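Chemist: Have a peek at query-v2.cif (mmCIF, C-alpha atoms (C1' of nucleotides)).
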```cif
data_query
#
loop_
_atom_site.label_atom_id
_atom_site.label_comp_id
_atom_site.auth_asym_id
_atom_site.auth_seq_id
_atom_site.Cartn_x
_atom_site.Cartn_y
_atom_site.Cartn_z
CA MET A 160 109.63 128.46 111.08
CA GLY A 161 109.65 124.68 111.51
CA GLN A 162 108.76 123.39 108.10
CA ILE A 163 106.45 120.66 109.29
CA ASP A 164 103.95 120.64 112.11
CA LEU A 165 105.21 118.50 114.98
CA ARG A 166 101.84 116.78 115.23
CA VAL A 167 102.26 115.45 111.71
CA VAL A 168 105.70 114.12 112.52
CA LYS A 169 104.38 112.31 115.57
CA THR A 170 101.41 110.67 113.92
CA LYS A 171 103.44 109.56 110.92
CA GLU A 172 106.01 108.08 113.24
CA ALA A 173 103.32 106.24 115.19
CA LEU A 174 101.85 104.87 111.97
CA HIS A 175 105.26 103.75 110.73
CA ILE A 176 106.00 101.89 113.92
CA ALA A 177 102.57 100.27 113.86
CA LEU A 178 103.04 99.06 110.30
CA LEU A 179 106.46 97.60 111.05
CA THR A 180 105.04 95.81 114.07
CA LEU A 181 102.24 94.29 112.05
CA LEU A 182 104.54 93.29 109.21
CA LYS A 183 106.32 90.91 111.53
CA ASN A 184 103.21 88.77 111.77
CA LYS A 185 101.28 89.15 108.54
CA PRO A 186 101.76 90.06 104.87
CA LEU A 187 101.30 93.64 103.70
CA GLU A 188 98.07 92.94 101.85
CA ALA A 189 96.45 91.45 104.96
CA ILE A 190 97.02 94.57 107.05
CA SER A 191 94.04 96.90 107.32
CA ILE A 192 94.09 100.63 107.88
CA SER A 193 91.90 100.18 110.94
CA GLU A 194 94.41 97.77 112.42
CA ILE A 195 97.34 100.13 111.92
CA CYS A 196 95.43 103.01 113.49
CA ARG A 197 94.34 100.92 116.43
CA ILE A 198 97.94 100.02 117.24
CA ALA A 199 99.28 103.49 116.50
CA LYS A 200 96.52 105.00 118.62
CA VAL A 201 95.73 107.36 115.79
CA ASN A 202 92.26 108.16 114.57
CA ARG A 203 91.42 106.43 111.34
CA GLY A 204 90.38 109.73 109.80
CA THR A 205 93.86 111.03 110.51
CA PHE A 206 95.35 108.22 108.47
CA TYR A 207 93.39 109.40 105.46
CA LEU A 208 94.68 112.91 106.06
CA HIS A 209 98.16 111.67 105.10
CA TYR A 210 97.73 108.49 103.06
CA ALA A 211 95.13 106.86 100.88
CA GLN A 212 96.20 103.23 101.27
CA VAL A 213 98.37 101.06 103.46
CA GLY A 214 100.73 100.90 100.49
CA ASP A 215 101.40 104.63 100.60
CA LEU A 216 102.73 104.24 104.11
CA PHE A 217 104.92 101.34 103.03
CA GLU A 218 106.21 103.35 100.10
CA GLU A 219 107.99 105.65 102.53
CA TYR A 220 110.25 102.80 103.62
CA PHE A 221 110.67 101.89 100.01
CA LYS A 222 112.30 105.22 99.23
CA GLU A 223 114.96 104.58 101.84
CA ILE A 224 115.71 101.23 100.26
CA MET A 225 116.05 102.84 96.86
CA ASP A 226 118.50 105.34 98.32
CA ASP A 227 120.61 102.51 99.67
CA LEU A 228 120.43 100.77 96.32
CA ALA A 229 121.81 103.86 94.61
CA THR A 230 124.64 104.30 97.08
CA SER A 231 125.39 100.57 97.08
CA TYR A 232 125.68 100.75 93.35
CA HIS A 233 127.89 103.82 93.22
CA GLU A 234 130.15 103.67 96.24
CA PRO A 235 132.25 100.50 96.12
CA TYR A 236 133.59 101.05 92.64
CA ARG A 237 134.34 104.34 91.05
CA TYR A 238 134.91 103.21 87.52
CA VAL A 239 132.02 103.07 85.18
CA ALA A 240 129.96 100.08 84.11
CA LYS A 241 128.80 100.14 80.56
CA LEU A 242 125.29 99.13 79.80
CA ASN A 243 126.45 96.93 76.97
CA PRO A 244 125.98 93.58 78.70
CA ARG A 245 129.21 91.98 77.52
CA GLU A 246 131.16 94.79 79.04
CA LEU A 247 129.14 95.20 82.24
CA ASN A 248 131.63 95.38 85.04
CA PRO A 249 131.46 94.14 88.63
CA SER A 250 130.11 97.40 90.00
CA THR A 251 126.67 96.54 88.71
CA ILE A 252 126.90 93.47 90.78
CA ARG A 253 126.79 95.41 94.04
CA ILE A 254 123.04 95.27 93.56
CA PHE A 255 122.91 91.71 94.85
CA HIS A 256 124.63 92.60 98.09
CA HIS A 257 122.15 95.38 98.59
CA VAL A 258 119.23 92.98 98.05
CA GLU A 259 120.75 90.50 100.48
CA LYS A 260 120.99 93.24 103.07
CA TYR A 261 117.34 94.21 102.65
CA LYS A 262 115.95 90.79 101.85
CA ASP A 263 113.15 91.11 104.39
CA TYR A 264 111.82 94.10 102.47
CA TYR A 265 112.36 92.47 99.09
CA ARG A 266 110.31 89.52 100.30
CA ILE A 267 107.44 91.97 100.69
CA ILE A 268 108.06 93.94 97.51
CA LEU A 269 108.23 90.78 95.39
CA SER A 270 105.38 88.85 97.01
CA LYS A 271 102.69 87.94 94.55
CA ASN A 272 99.75 89.69 96.15
CA VAL A 273 101.43 93.07 96.30
CA PRO A 274 100.74 95.59 93.52
CA LEU A 275 103.24 96.04 90.69
CA THR A 276 103.96 99.62 91.82
CA TYR A 277 107.00 98.71 93.86
CA TYR A 278 108.41 96.54 91.13
CA TYR A 279 108.13 99.43 88.70
CA LEU A 280 109.80 101.81 91.14
CA LEU A 281 112.63 99.31 91.56
CA LEU A 282 112.95 98.80 87.82
CA GLU A 283 113.06 102.55 87.29
CA GLU A 284 115.83 102.90 89.85
CA VAL A 285 117.94 100.15 88.29
CA LYS A 286 117.35 101.61 84.86
CA ASN A 287 118.56 104.99 86.05
CA LEU A 288 121.66 103.46 87.58
CA LEU A 289 122.48 101.65 84.37
CA THR A 290 121.75 104.57 82.06
CA GLY A 291 123.73 106.91 84.27
CA ASN A 292 126.72 104.91 83.17
CA LEU A 293 125.68 104.66 79.59
CA GLU A 294 124.86 108.24 78.79
CA LYS A 295 128.49 109.07 78.15
CA ASP A 296 128.86 106.91 75.08
CA TYR A 297 125.23 107.21 74.13
CA ARG A 298 125.92 109.44 71.19
CA LYS A 299 128.48 107.02 69.85
CA GLU A 300 126.16 104.04 69.71
CA GLY A 301 123.22 106.06 68.55
CA GLU A 302 121.29 103.54 66.52
CA ILE A 303 119.70 101.71 69.41
CA ASP A 304 117.34 103.64 71.57
CA LEU A 305 118.88 103.90 74.99
CA LYS A 306 115.42 103.30 76.40
CA TRP A 307 115.05 99.79 75.03
CA GLN A 308 118.52 98.76 75.93
CA ALA A 309 118.11 100.01 79.49
CA SER A 310 114.74 98.33 79.93
CA TYR A 311 116.15 95.10 78.63
CA ALA A 312 119.25 95.08 80.80
CA ALA A 313 117.64 96.41 83.98
CA ASN A 314 114.78 93.94 83.88
CA ALA A 315 117.17 91.10 83.09
CA ILE A 316 118.95 91.77 86.36
CA LEU A 317 115.60 91.93 88.15
CA GLY A 318 114.92 88.53 86.60
CA LEU A 319 117.83 87.12 88.54
CA ILE A 320 116.59 88.81 91.71
CA ILE A 321 113.10 87.34 91.20
CA GLN A 322 114.62 83.89 90.77
CA TRP A 323 116.67 84.45 93.89
CA TYR A 324 113.57 85.54 95.81
CA GLN A 325 111.69 82.46 94.62
CA ASP A 326 114.55 80.36 95.99
CA ASP A 327 114.01 82.27 99.26
CA PHE A 328 117.45 83.88 98.92
CA GLU A 329 119.16 80.60 99.70
CA GLN A 330 122.25 81.43 97.64
CA LYS A 331 124.89 83.95 98.66
CA ALA A 332 125.07 87.30 96.89
CA ASN A 333 128.44 86.30 95.48
CA TYR A 334 126.88 83.30 93.78
CA LEU A 335 124.51 85.67 91.99
CA ASN A 336 127.52 87.70 90.91
CA GLU A 337 129.09 84.60 89.43
CA GLN A 338 125.95 83.66 87.57
CA LEU A 339 125.59 87.12 86.11
CA VAL A 340 129.21 87.20 84.99
CA LYS A 341 128.81 83.77 83.39
CA ILE A 342 125.66 84.81 81.57
CA LEU A 343 127.27 87.98 80.29
CA ARG A 344 130.48 86.20 79.21
CA LEU A 345 128.43 83.63 77.38
CA THR A 346 126.99 86.16 74.97
CA MET B 212 77.83 61.79 82.78
CA GLY B 213 78.24 65.50 82.12
CA GLN B 214 81.39 66.37 83.99
CA ILE B 215 80.27 69.74 85.23
CA ASP B 216 76.89 70.81 86.55
CA LEU B 217 75.14 73.05 84.05
CA ARG B 218 74.32 75.52 86.78
CA VAL B 219 78.00 76.07 87.41
CA VAL B 220 78.62 76.69 83.72
CA LYS B 221 75.84 79.27 83.60
CA THR B 222 76.87 81.23 86.65
CA LYS B 223 80.52 81.26 85.65
CA GLU B 224 79.53 82.50 82.23
CA ALA B 225 77.37 85.23 83.74
CA LEU B 226 80.23 86.32 86.00
CA HIS B 227 82.68 86.37 83.11
CA ILE B 228 80.41 88.54 81.00
CA ALA B 229 79.81 90.88 83.91
CA LEU B 230 83.54 91.31 84.53
CA LEU B 231 84.24 92.01 80.87
CA THR B 232 81.46 94.59 80.84
CA LEU B 233 82.84 96.36 83.89
CA LEU B 234 86.41 96.28 82.60
CA LYS B 235 85.37 98.55 79.74
CA ASN B 236 84.73 101.35 82.18
CA LYS B 237 87.02 100.86 85.16
CA PRO B 238 90.31 99.24 86.14
CA LEU B 239 90.38 95.72 87.57
CA GLU B 240 91.28 96.83 91.09
CA ALA B 241 88.28 99.17 91.24
CA ILE B 242 85.78 96.44 90.48
CA SER B 243 84.05 94.97 93.52
CA ILE B 244 82.65 91.49 93.89
CA SER B 245 79.27 92.97 94.78
CA GLU B 246 79.28 94.94 91.56
CA ILE B 247 80.04 91.91 89.41
CA CYS B 248 77.31 89.88 91.09
CA ARG B 249 74.79 92.65 90.73
CA ILE B 250 75.36 92.81 86.99
CA ALA B 251 75.61 89.05 86.57
CA LYS B 252 72.45 88.61 88.62
CA VAL B 253 74.25 86.04 90.71
CA ASN B 254 74.11 85.86 94.47
CA ARG B 255 77.23 87.15 96.10
CA GLY B 256 77.54 83.97 98.12
CA THR B 257 77.64 82.02 94.87
CA PHE B 258 80.66 84.02 93.75
CA TYR B 259 82.56 82.85 96.82
CA LEU B 260 81.56 79.28 96.00
CA HIS B 261 83.78 79.48 92.90
CA TYR B 262 86.29 82.26 93.50
CA ALA B 263 87.90 84.06 96.40
CA GLN B 264 88.74 87.33 94.69
CA VAL B 265 87.92 89.27 91.56
CA GLY B 266 91.39 88.36 90.40
CA ASP B 267 90.60 84.64 90.36
CA LEU B 268 87.88 85.33 87.84
CA PHE B 269 90.25 87.39 85.72
CA GLU B 270 92.85 84.66 85.90
CA GLU B 271 90.61 82.45 83.79
CA TYR B 272 91.01 84.83 80.85
CA PHE B 273 94.66 84.96 81.60
CA LYS B 274 95.06 81.26 80.95
CA GLU B 275 93.64 81.67 77.46
CA ILE B 276 96.14 84.42 76.78
CA MET B 277 98.99 82.21 77.95
CA ASP B 278 97.79 79.49 75.60
CA ASP B 279 97.90 81.90 72.70
CA LEU B 280 101.34 83.03 73.77
CA ALA B 281 102.58 79.45 73.63
CA THR B 282 101.08 78.78 70.23
CA SER B 283 102.23 82.16 68.90
CA TYR B 284 105.70 81.27 69.99
CA HIS B 285 105.76 77.80 68.53
CA GLU B 286 103.72 77.92 65.36
CA PRO B 287 105.27 80.40 62.92
CA TYR B 288 108.74 78.95 62.99
CA ARG B 289 109.65 75.33 63.41
CA TYR B 290 113.34 75.64 63.91
CA VAL B 291 114.65 76.04 67.37
CA ALA B 292 115.69 79.20 69.18
CA LYS B 293 118.57 78.84 71.53
CA LEU B 294 118.41 80.58 74.84
CA ASN B 295 121.91 81.91 74.39
CA PRO B 296 120.97 85.52 73.64
CA ARG B 297 123.44 86.04 70.83
CA GLU B 298 121.96 83.16 68.95
CA LEU B 299 118.30 83.79 69.75
CA ASN B 300 116.43 83.52 66.50
CA PRO B 301 113.39 85.39 65.18
CA SER B 302 110.90 82.83 66.47
CA THR B 303 111.24 84.24 69.96
CA ILE B 304 110.16 87.49 68.54
CA ARG B 305 106.67 86.23 67.83
CA ILE B 306 105.99 87.20 71.41
CA PHE B 307 105.63 90.84 70.48
CA HIS B 308 102.99 90.13 67.90
CA HIS B 309 101.09 88.16 70.48
CA VAL B 310 101.26 91.06 72.94
CA GLU B 311 100.10 93.48 70.26
CA LYS B 312 97.10 91.25 69.60
CA TYR B 313 96.14 91.13 73.26
CA LYS B 314 97.28 94.59 74.25
CA ASP B 315 94.00 95.40 75.98
CA TYR B 316 94.64 92.56 78.39
CA TYR B 317 98.30 93.40 78.82
CA ARG B 318 97.28 96.91 79.76
CA ILE B 319 95.44 95.34 82.69
CA ILE B 320 98.08 92.77 83.58
CA LEU B 321 100.84 95.38 83.64
CA SER B 322 98.93 98.19 85.36
CA LYS B 323 100.59 99.30 88.54
CA ASN B 324 97.78 98.61 90.99
CA VAL B 325 97.34 95.01 89.95
CA PRO B 326 99.06 92.30 92.01
CA LEU B 327 102.33 90.77 90.79
CA THR B 328 100.65 87.37 90.34
CA TYR B 329 99.94 87.84 86.66
CA TYR B 330 103.41 89.11 85.97
CA TYR B 331 104.85 86.01 87.58
CA LEU B 332 102.56 83.75 85.57
CA LEU B 333 103.64 85.52 82.41
CA LEU B 334 107.30 85.27 83.34
CA GLU B 335 106.92 81.59 84.06
CA GLU B 336 105.34 81.02 80.67
CA VAL B 337 108.09 82.88 78.80
CA LYS B 338 110.72 81.03 80.81
CA ASN B 339 109.16 77.72 79.86
CA LEU B 340 109.09 78.68 76.21
CA LEU B 341 112.72 79.67 76.29
CA THR B 342 113.92 76.66 78.26
CA GLY B 343 111.92 74.32 76.07
CA ASN B 344 114.35 75.31 73.36
CA LEU B 345 117.36 75.18 75.56
CA GLU B 346 116.96 71.80 77.20
CA LYS B 347 118.49 70.03 74.22
CA ASP B 348 121.94 71.47 74.61
CA TYR B 349 121.64 71.90 78.35
CA ARG B 350 123.99 69.06 79.12
CA LYS B 351 126.60 70.53 76.81
CA GLU B 352 126.75 73.90 78.50
CA GLY B 353 126.41 72.51 81.98
CA GLU B 354 128.30 75.07 84.01
CA ILE B 355 125.61 77.72 84.13
CA ASP B 356 122.43 76.82 85.88
CA LEU B 357 119.69 76.78 83.31
CA LYS B 358 117.45 78.44 85.88
CA TRP B 359 119.46 81.64 86.11
CA GLN B 360 119.96 81.94 82.44
CA ALA B 361 116.26 81.46 81.76
CA SER B 362 115.22 83.96 84.43
CA TYR B 363 117.64 86.49 83.02
CA ALA B 364 116.60 86.11 79.40
CA ALA B 365 112.86 85.79 79.99
CA ASN B 366 112.67 88.82 82.22
CA ALA B 367 114.83 90.80 79.82
CA ILE B 368 112.20 90.29 77.15
CA LEU B 369 109.48 91.26 79.61
CA GLY B 370 111.52 94.40 80.21
CA LEU B 371 110.99 95.37 76.60
CA ILE B 372 107.28 94.61 76.92
CA ILE B 373 107.03 96.78 80.04
CA GLN B 374 108.72 99.63 78.22
CA TRP B 375 106.36 99.13 75.32
CA TYR B 376 103.39 99.17 77.68
CA GLN B 377 104.63 102.35 79.30
CA ASP B 378 104.76 103.88 75.83
CA ASP B 379 101.13 102.76 75.50
CA PHE B 380 102.11 100.32 72.72
CA GLU B 381 102.71 103.17 70.31
CA GLN B 382 105.37 101.27 68.33
CA LYS B 383 104.62 98.40 65.97
CA ALA B 384 105.49 94.87 67.02
CA ASN B 385 108.07 94.74 64.25
CA TYR B 386 109.89 97.69 65.77
CA LEU B 387 110.22 95.71 68.99
CA ASN B 388 111.65 92.85 66.97
CA GLU B 389 114.25 95.17 65.50
CA GLN B 390 115.22 96.52 68.88
CA LEU B 391 115.61 93.04 70.33
CA VAL B 392 117.74 91.90 67.42
CA LYS B 393 119.92 94.99 67.75
CA ILE B 394 120.37 94.46 71.46
CA LEU B 395 121.27 90.82 70.98
CA ARG B 396 123.68 91.53 68.13
CA LEU B 397 125.37 94.15 70.24
CA THR B 398 126.48 91.68 72.84
"C1'" DA C 121 58.51 60.42 86.09
"C1'" DC C 122 60.57 60.20 90.59
"C1'" DT C 123 64.24 60.59 93.72
"C1'" DT C 124 68.59 62.20 95.01
"C1'" DT C 125 72.17 65.33 94.87
"C1'" DT C 126 73.98 69.76 95.15
"C1'" DA C 127 74.32 74.54 93.28
"C1'" DT C 128 72.13 78.73 94.27
"C1'" DT C 129 69.60 81.84 97.08
"C1'" DG C 130 68.35 84.94 100.88
"C1'" DT C 131 69.40 86.53 105.13
"C1'" DA C 132 72.24 87.88 108.72
"C1'" DC C 133 76.48 89.49 111.10
"C1'" DA C 134 80.80 91.65 112.43
"C1'" DA C 135 84.54 94.10 110.49
"C1'" DC C 136 86.65 97.32 107.13
"C1'" DT C 137 86.42 101.24 103.80
"C1'" DG C 138 86.18 105.95 102.37
"C1'" DT C 139 84.14 110.17 103.32
"C1'" DT C 140 82.04 114.18 105.83
"C1'" DC C 141 81.65 117.52 109.56
"C1'" DA C 142 81.57 119.77 113.80
"C1'" DT C 143 84.48 119.79 117.94
"C1'" DT C 144 88.75 119.68 120.44
"C1'" DA C 145 93.39 120.51 121.26
"C1'" DA C 146 98.00 121.07 120.03
"C1'" DA C 147 101.42 123.83 117.48
"C1'" DT C 148 102.85 128.02 115.49
"C1'" DT C 149 102.82 133.03 115.09
"C1'" DT C 150 102.46 137.60 116.89
"C1'" DA D 139 101.22 135.03 127.09
"C1'" DA D 140 97.49 135.45 123.95
"C1'" DA D 141 95.69 134.85 119.46
"C1'" DT D 142 95.62 132.25 115.41
"C1'" DT D 143 96.06 128.42 112.62
"C1'" DT D 144 95.34 123.79 111.63
"C1'" DA D 145 96.05 118.82 112.86
"C1'" DA D 146 93.64 115.35 115.22
"C1'" DT D 147 89.45 113.49 117.06
"C1'" DG D 148 84.88 111.24 117.39
"C1'" DA D 149 80.73 110.17 115.48
"C1'" DA D 150 78.06 108.87 111.74
"C1'" DC D 151 76.80 106.86 107.01
"C1'" DA D 152 76.40 103.98 103.00
"C1'" DG D 153 78.85 100.48 100.83
"C1'" DT D 154 81.96 96.24 100.63
"C1'" DT D 155 83.89 92.01 102.53
"C1'" DG D 156 84.02 87.30 104.11
"C1'" DT D 157 81.53 83.91 106.32
"C1'" DA D 158 77.58 80.93 107.88
"C1'" DC D 159 73.28 78.44 107.52
"C1'" DA D 160 68.72 77.07 106.49
"C1'" DA D 161 65.57 77.12 102.49
"C1'" DT D 162 64.95 76.55 97.66
"C1'" DA D 163 65.29 75.04 93.07
"C1'" DA D 164 67.62 73.16 89.36
"C1'" DA D 165 70.32 69.55 87.52
"C1'" DA D 166 71.71 64.56 87.44
"C1'" DG D 167 70.92 59.70 88.30
"C1'" DT D 168 67.72 55.89 88.53
#
```
Take the structure in the file and write it out as structure tokens.
Modeler:
Amino acid sequence: MGQIDLRVVKTKEALHIALLTLLKNKPLEAISISEICRIAKVNRGTFYLHYAQVGDLFEEYFKEIMDDLATSYHEPYRYVAKLNPRELNPSTIRIFHHVEKYKDYYRIILSKNVPLTYYYLLLEEVKNLLTGNLEKDYRKEGEIDLKWQASYAANAILGLIIQWYQDDFEQKANYLNEQLVKILRLT
Amino acid sequence: MGQIDLRVVKTKEALHIALLTLLKNKPLEAISISEICRIAKVNRGTFYLHYAQVGDLFEEYFKEIMDDLATSYHEPYRYVAKLNPRELNPSTIRIFHHVEKYKDYYRIILSKNVPLTYYYLLLEEVKNLLTGNLEKDYRKEGEIDLKWQASYAANAILGLIIQWYQDDFEQKANYLNEQLVKILRLT
DNA sequence: ACTTTTATTGTACAACTGTTCATTAAATTT
DNA sequence: AAATTTAATGAACAGTTGTACAATAAAAGT
């Protein structure tokens, strides 16, 4: 009655470990399927049984990161941030601490030779976090499509994260918080 | 005294035409160098003499698009937009008309399997356009790093463009203008 | 027109990709 | 414990990649 065949679990694990090992020495886009399989001691055909690209394997880590992002966002503060930028509260700002924690992964996700997929997944996640807070007073505001407002605000925050990444995360997460608060107060 | 060897001009032209032809039928990431050379009737080795990847060839179109973006942004209005979102004026909004005009290219640039490079180039361009207007009163505001403010605002606008792309550009550029104005007025 | 320069070609090579298929072996089911 | 299911393997194939080098031919310079 075991849901998944043990063999599958083992090979996936071996592939995961192999990818992590390789990522220490070279960028994601320079890692070949053959290389991963050689290290994992898994037949190359078996790789294709589970994934189509190296990226699909990486995406499985990505989901864990997105889970942490969601909990990072929700846990520390219980009160609700409004999407309306001027009234965005500090809970939103937990995002930067999460990024700091996972900066090694964000360095991969945001590197220029990697496909946009991960960026879109990240954007979607941030959008969901923001709109989760907005939905309550959605009907009040009405006139502006929630969609546009969420896309605007979520990507704005990612803009700060991109800038941070391009500075090789040299600032502290708290500095990012300050900048965001200043930008929002300015409006 | 001709700066560039005519042979180079010819082969580059042939490669450009070949890429455009292929792009009508398949996505950028599915186009191989061999395929381009076959159609262009150019030796594959010659391709590597000028470019390293298919993307480098595509990037040459990209530069033209960025030029149009800059002129689209500057030409229609002469008065200056401030970066401060609440006071952003309609000239910024010319961006959406530019995107509408080049939507076929933006569909490529923003497709999920394409590397982030183009997105970063686009972001950089929008940032430059925005900061060009801000630099004047930069010394007045002082406290907030221009960098963070520009990254925030520029990527926010790209957020709207991403949303628009994901809706397959079904709205008119003017609708995007309205949404942006509403979002900015809200703050 | 002739010479020089250099872009392009053709060929070759090792490695990777994506796919197929029969065989083997490891799990699961009874 | 035996039978059944199915994941993993190994081998093979055509195609792509990136690189190298000598031969060729097309521009540019004189």
Chemist: Can you translate the PyMOL selection byres ((chain B) within 9 of (chain A)) into the concrete residues it hits in this file, as a PyMOL selection string?
Modeler: chain B and resi 295-298+321-331+334+354-356+358-375+387+390-391+393-395+397-398
Chemist: List every residue of chain C that has an atom at most 12 Å from any atom of region 153-158 of chain D, and for each one report the closest atom pair and its distance in Å to one decimal, counting all atoms listed in the file, with rows sorted by chain and then by increasing residue number, as a tab-separated table.
Modeler:
```
residue	atom	partner	partner_atom	distance
C:DT131	C1'	D:DA158	C1'	10.3
C:DA132	C1'	D:DA158	C1'	8.8
C:DC133	C1'	D:DT157	C1'	8.9
C:DA134	C1'	D:DT157	C1'	9.9
C:DA135	C1'	D:DT155	C1'	8.3
C:DC136	C1'	D:DT155	C1'	7.5
C:DT137	C1'	D:DT154	C1'	7.4
C:DG138	C1'	D:DG153	C1'	9.3
C:DT139	C1'	D:DG153	C1'	11.3
```
Chemist: Those same residues - C-alpha atoms (C1' of nucleotides) - I'd like them written as a compact mmCIF listing (two decimals), keeping the file's coordinate frame.
Modeler:
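The resulting file, again16.txt, is shown below:
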```txt
# COMPACT_ATOMS: atom_id res chain seq x y z
C1' DT C 131 69.40 86.53 105.13
C1' DA C 132 72.24 87.88 108.72
C1' DC C 133 76.48 89.49 111.10
C1' DA C 134 80.80 91.65 112.43
C1' DA C 135 84.54 94.10 110.49
C1' DC C 136 86.65 97.32 107.13
C1' DT C 137 86.42 101.24 103.80
C1' DG C 138 86.18 105.95 102.37
C1' DT C 139 84.14 110.17 103.32
```
Chemist: Once the PyMOL selection byres ((chain C and resi 128) around 7) has been evaluated on this model, what residues remain selected, and can you format them as a PyMOL selection string?
Modeler: (chain B and resi 257) or (chain C and resi 127+129)
Chemist: Residues near Phe328 (chain A), anyone? I mean within 12 Å using only C-alpha atoms (C1' of nucleotides), not counting same-chain ones fewer than 4 positions away, as number ranges by chain.
Modeler: A: 255-256, 258-263, 265-266, 319-324, 332-335
Chemist: How far is it from CA of His227 (chain B) to CA of Ala251 (chain B), in Å with one decimal?
Modeler: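 Interatomic distance here is 8.3 Å.
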